[in-house]
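Listing of protein.txt, compact mmCIF, C-alpha atoms and all ligand atoms
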# COMPACT_ATOMS: atom_id res chain seq x y z
CA MET S 24 63.07 84.95 -183.28
CA LYS S 25 64.34 88.28 -182.03
CA LEU S 26 68.01 88.86 -181.40
CA THR S 27 69.60 91.95 -179.89
CA LEU S 28 73.32 92.51 -180.36
CA LEU S 29 74.75 94.76 -177.64
CA VAL S 30 78.05 96.31 -178.69
CA GLY S 31 80.79 97.50 -176.35
CA THR S 32 83.65 99.02 -178.34
CA MET S 33 86.38 101.62 -178.25
CA THR S 34 87.78 101.58 -181.78
CA GLY S 35 84.93 99.94 -183.69
CA THR S 36 86.09 96.34 -184.11
CA ALA S 37 83.24 94.87 -182.09
CA GLN S 38 80.85 96.99 -184.13
CA LEU S 39 82.23 95.52 -187.36
CA VAL S 40 81.55 92.05 -185.98
CA ALA S 41 77.97 93.00 -185.14
CA GLN S 42 77.41 94.57 -188.56
CA GLU S 43 78.64 91.42 -190.25
CA LEU S 44 76.31 89.26 -188.17
CA GLU S 45 73.33 91.52 -188.69
CA LEU S 46 73.88 91.48 -192.47
CA VAL S 47 73.80 87.70 -192.57
CA TRP S 48 71.16 87.04 -189.97
CA ASP S 49 68.53 89.65 -190.46
CA ASP S 50 66.23 87.68 -192.73
CA GLY S 51 62.59 86.66 -192.63
CA ASP S 52 63.04 84.20 -189.77
CA MET S 53 65.02 86.44 -187.52
CA GLN S 54 64.82 90.05 -186.52
CA VAL S 55 68.21 91.34 -185.54
CA GLU S 56 68.90 94.69 -183.94
CA THR S 57 72.31 96.06 -183.10
CA LEU S 58 72.57 98.55 -180.26
CA LEU S 59 75.73 100.32 -179.21
CA MET S 60 75.87 100.20 -175.43
CA ASP S 61 76.25 103.98 -175.24
CA LYS S 62 73.48 105.47 -173.12
CA LEU S 63 71.75 102.13 -172.50
CA ASP S 64 70.72 101.05 -169.04
CA SER S 65 69.70 97.69 -167.62
CA SER S 66 66.11 98.13 -168.82
CA VAL S 67 67.37 97.06 -172.27
CA PHE S 68 67.24 93.47 -171.01
CA ALA S 69 63.45 93.68 -170.78
CA ARG S 70 63.35 93.40 -174.58
CA GLU S 71 61.93 90.25 -176.06
CA GLY S 72 64.29 87.60 -177.46
CA VAL S 73 67.88 86.51 -177.11
CA PHE S 74 70.92 88.72 -176.53
CA LEU S 75 74.46 88.54 -177.82
CA ILE S 76 77.01 90.65 -175.97
CA VAL S 77 79.78 91.69 -178.37
CA THR S 78 82.38 93.58 -176.38
CA SER S 79 86.09 94.33 -176.26
CA THR S 80 88.33 94.90 -173.22
CA TYR S 81 90.31 97.98 -172.16
CA GLY S 82 92.33 99.47 -169.34
CA GLN S 83 93.05 96.93 -166.62
CA GLY S 84 90.63 94.37 -168.00
CA ASP S 85 87.73 96.81 -167.98
CA VAL S 86 84.72 97.04 -170.23
CA PRO S 87 85.12 99.74 -172.92
CA ASP S 88 84.05 103.30 -172.09
CA ASN S 89 80.80 103.06 -174.03
CA ALA S 90 79.81 100.00 -171.97
CA LYS S 91 80.56 101.44 -168.54
CA ALA S 92 77.19 103.08 -167.85
CA LEU S 93 75.28 99.90 -168.72
CA TYR S 94 77.65 97.74 -166.69
CA GLU S 95 77.41 99.99 -163.63
CA ASP S 96 73.63 100.28 -163.92
CA LEU S 97 73.31 96.48 -164.00
CA LYS S 98 75.54 96.21 -160.94
CA SER S 99 73.52 98.69 -158.93
CA LYS S 100 70.00 97.72 -160.02
CA ARG S 101 70.54 93.94 -159.82
CA PRO S 102 67.51 93.10 -162.01
CA ASP S 103 65.98 89.63 -162.07
CA LEU S 104 67.20 88.24 -165.38
CA SER S 105 66.03 84.68 -164.91
CA ARG S 106 64.11 84.77 -168.20
CA LEU S 107 67.10 86.03 -170.17
CA ARG S 108 69.18 83.89 -172.52
CA TYR S 109 72.40 85.28 -173.90
CA GLY S 110 75.77 84.61 -175.52
CA VAL S 111 79.10 86.41 -175.32
CA PHE S 112 81.42 87.20 -178.22
CA GLY S 113 84.39 88.80 -176.47
CA LEU S 114 87.28 90.65 -178.06
CA GLY S 115 90.68 91.01 -176.45
CA ASP S 116 94.38 90.47 -176.91
CA ARG S 117 96.44 87.70 -175.30
CA THR S 118 99.32 90.14 -174.89
CA TYR S 119 97.28 91.29 -171.88
CA ALA S 120 97.73 87.88 -170.29
CA GLU S 121 96.31 88.79 -166.87
CA THR S 122 93.15 90.37 -168.18
CA PHE S 123 92.61 88.56 -171.46
CA ASN S 124 89.02 89.07 -172.63
CA PHE S 125 87.84 90.36 -169.26
CA GLY S 126 85.31 92.73 -170.87
CA GLY S 127 83.14 89.83 -172.01
CA LYS S 128 83.89 87.93 -168.83
CA ARG S 129 82.65 90.80 -166.66
CA PHE S 130 79.30 90.97 -168.47
CA ASP S 131 79.01 87.20 -168.42
CA GLU S 132 79.54 87.01 -164.66
CA LEU S 133 77.08 89.78 -163.95
CA LEU S 134 74.31 88.39 -166.16
CA ALA S 135 74.79 84.91 -164.68
CA GLU S 136 74.69 86.36 -161.14
CA PHE S 137 71.26 87.85 -161.88
CA GLY S 138 69.90 84.53 -163.09
CA ALA S 139 70.37 84.73 -166.86
CA GLU S 140 71.30 81.60 -168.80
CA ARG S 141 74.34 81.68 -171.06
CA ILE S 142 74.00 79.62 -174.21
CA GLY S 143 77.26 78.02 -175.39
CA GLU S 144 80.77 78.95 -174.36
CA ARG S 145 82.03 82.50 -174.18
CA HIS S 146 83.99 83.29 -177.35
CA MET S 147 87.36 84.94 -176.76
CA HIS S 148 88.82 86.53 -179.84
CA ASP S 149 92.54 87.25 -179.68
CA ALA S 150 93.65 90.32 -181.65
CA SER S 151 97.31 89.15 -181.48
CA SER S 152 96.41 86.01 -183.48
CA GLY S 153 96.26 88.04 -186.68
CA VAL S 154 92.83 86.61 -187.48
CA LEU S 155 90.17 89.27 -187.88
CA PRO S 156 87.20 88.75 -185.57
CA GLU S 157 84.68 89.51 -188.32
CA GLU S 158 86.18 86.54 -190.22
CA THR S 159 85.63 84.02 -187.42
CA ALA S 160 82.47 85.57 -186.04
CA LEU S 161 80.12 84.04 -188.52
CA GLU S 162 81.22 80.46 -187.91
CA TRP S 163 81.20 80.82 -184.12
CA CYS S 164 77.87 82.57 -184.20
CA GLN S 165 76.19 80.04 -186.52
CA ASP S 166 77.15 77.40 -184.00
CA TRP S 167 75.87 79.56 -181.14
CA LEU S 168 72.60 80.19 -182.93
CA ALA S 169 72.08 76.46 -183.45
CA LYS S 170 72.48 76.02 -179.68
CA VAL S 171 70.02 78.83 -179.04
CA LYS S 172 67.45 77.12 -181.25
CA GLN S 173 68.02 73.76 -179.56
CA SER S 174 67.49 75.29 -176.16
CA GLN S 175 64.40 77.24 -177.18
CA PRO S 176 61.99 77.34 -174.24
CA ALA S 177 58.65 75.64 -174.90
C1 LIG S 201 94.85 100.61 -174.31
C2 LIG S 201 94.34 99.21 -174.58
C3 LIG S 201 94.07 98.36 -173.51
C4 LIG S 201 93.64 97.04 -173.73
N1 LIG S 201 93.45 96.21 -172.66
C5 LIG S 201 93.11 94.91 -172.87
C6 LIG S 201 92.98 94.01 -171.78
O1 LIG S 201 93.14 94.35 -170.61
N2 LIG S 201 92.63 92.70 -172.06
C7 LIG S 201 92.42 92.26 -173.34
O2 LIG S 201 92.13 91.08 -173.53
N3 LIG S 201 92.53 93.12 -174.40
C8 LIG S 201 92.88 94.41 -174.20
N4 LIG S 201 93.01 95.27 -175.27
C9 LIG S 201 92.76 94.76 -176.66
C10 LIG S 201 91.38 95.12 -177.25
O3 LIG S 201 90.31 94.63 -176.46
C11 LIG S 201 91.31 94.50 -178.66
O4 LIG S 201 92.27 95.11 -179.49
C12 LIG S 201 89.93 94.61 -179.32
O5 LIG S 201 89.92 93.88 -180.54
C13 LIG S 201 89.52 96.05 -179.59
O6 LIG S 201 88.17 96.04 -180.02
P1 LIG S 201 87.33 97.42 -180.25
O7 LIG S 201 87.93 98.08 -181.48
O8 LIG S 201 85.94 96.95 -180.53
O9 LIG S 201 87.42 98.25 -179.03
C14 LIG S 201 93.45 96.57 -175.07
C15 LIG S 201 93.70 97.45 -176.15
C16 LIG S 201 94.14 98.74 -175.91
C17 LIG S 201 94.44 99.64 -177.11

Spell out the structure here as structure tokens.
Amino acid sequence: MKLTLLVGTMTGTAQLVAQELELVWDDGDMQVETLLMDKLDSSVFAREGVFLIVTSTYGQGDVPDNAKALYEDLKSKRPDLSRLRYGVFGLGDRTYAETFNFGGKRFDELLAEFGAERIGERHMHDASSGVLPEETALEWCQDWLAKVKQSQPA
């Protein structure tokens, strides 16, 4: 199975999460590739396999700067994503109560609007909890991966 991790980050935390997952997952059974969202456009979703969006939140509940071009391109091109399956590992901070984890939420809403199927619930890491996201990522993602495998199209 092929898995693409798309990373939206400002200060590198989401990238650490992706690195951790890639280290554990990239074995014989699975081919994992991590792509920073910088300079990507919506054509990235034409790749084969499943996607995991790993993104933080900035500003007034915005996607991080390196994710903006991809987000805007998706919004304007409105591709048919009905064959796409994806998950969302969001990073945020509950101190921003009004916009908690909106970065992941924004991608989730857009992908769903264009017909993609989300597997599992959206994860919402809270930086104010004191728990490092790379510590919880593996457990959440193992669970997510099991759901992906269960829902494998024939
Ligand atoms: C200036 C600034 C604005 C932020 N705005 C939000 C926000 O609106 N909502 C939220 O849930 N988290 C917000 N955060 C928290 C980050 O998303 C969180 O710390 C995340 O772990 C950073 O991940 P990164 O290093 O991958 O960018 C903000 C952080 C900073 C420094």

Close residues, stretch 141-152 of chain S itself excluded, 12 Å, only C-alpha atoms, min 6 positions apart in chain, as a VMD selection string
chain S and resid 36 to 37 40 73 to 80 104 to 120 122 to 135 158 to 175

Of the listed residues S:Asp61, S:Asp103, S:Asp50, S:Asp88, that which approaches ligand LIG 201 (chain S) most closely, counting only C-alpha atoms and all ligand atoms
S:Asp88

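Among the candidate residues S:Arg101, S:Ala92, S:Lys62, S:Thr57, the one lying nearest to S:Gly138 is S:Arg101, with distances computed using only C-alpha atoms.
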
List the neighbours of S:Leu63 out to 12 Å using only C-alpha atoms; skip same-chain residues closer than 6 positions along the sequence, and give me the result as number ranges by chain.
S: 29-31, 69, 89-97

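Going from atom CA of S:Val67 over to atom C1 of ligand LIG 201 (chain S), you cover 27.8 Å.
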
Determine the nearest neighbour of ligand LIG 201 (chain S) from the options S:Leu39, S:Glu136, S:Phe68, S:Met24, counting only C-alpha atoms and all ligand atoms.
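Result for the nearest residue to ligand LIG 201 (chain S): S:Leu39.
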
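You can rank S:Glu71, S:Asp85, S:Glu157, S:Glu56 by their closest distance to ligand LIG 201 (chain S) using only C-alpha atoms and all ligand atoms, and at the top of that list sits S:Asp85.
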
Restricting the calculation to only C-alpha atoms: of S:Gln42, S:Tyr81, S:Thr32, S:Ser65, which residue gets closest to S:Ser99?
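For S:Ser99, the nearest of the given residues is S:Ser65.
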
Around ligand LIG 201 (chain S), with edges along x, y and z and 6 Å added on all six sides, what centre and edge lengths do you get, in Å to one decimal, as JSON?
{"center_x": 90.4, "center_y": 95.8, "center_z": -176.0, "size_x": 20.9, "size_y": 21.5, "size_z": 22.9}

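The space separating atom O9 of ligand LIG 201 (chain S) from atom CA of S:Pro87 comes to 6.7 Å.
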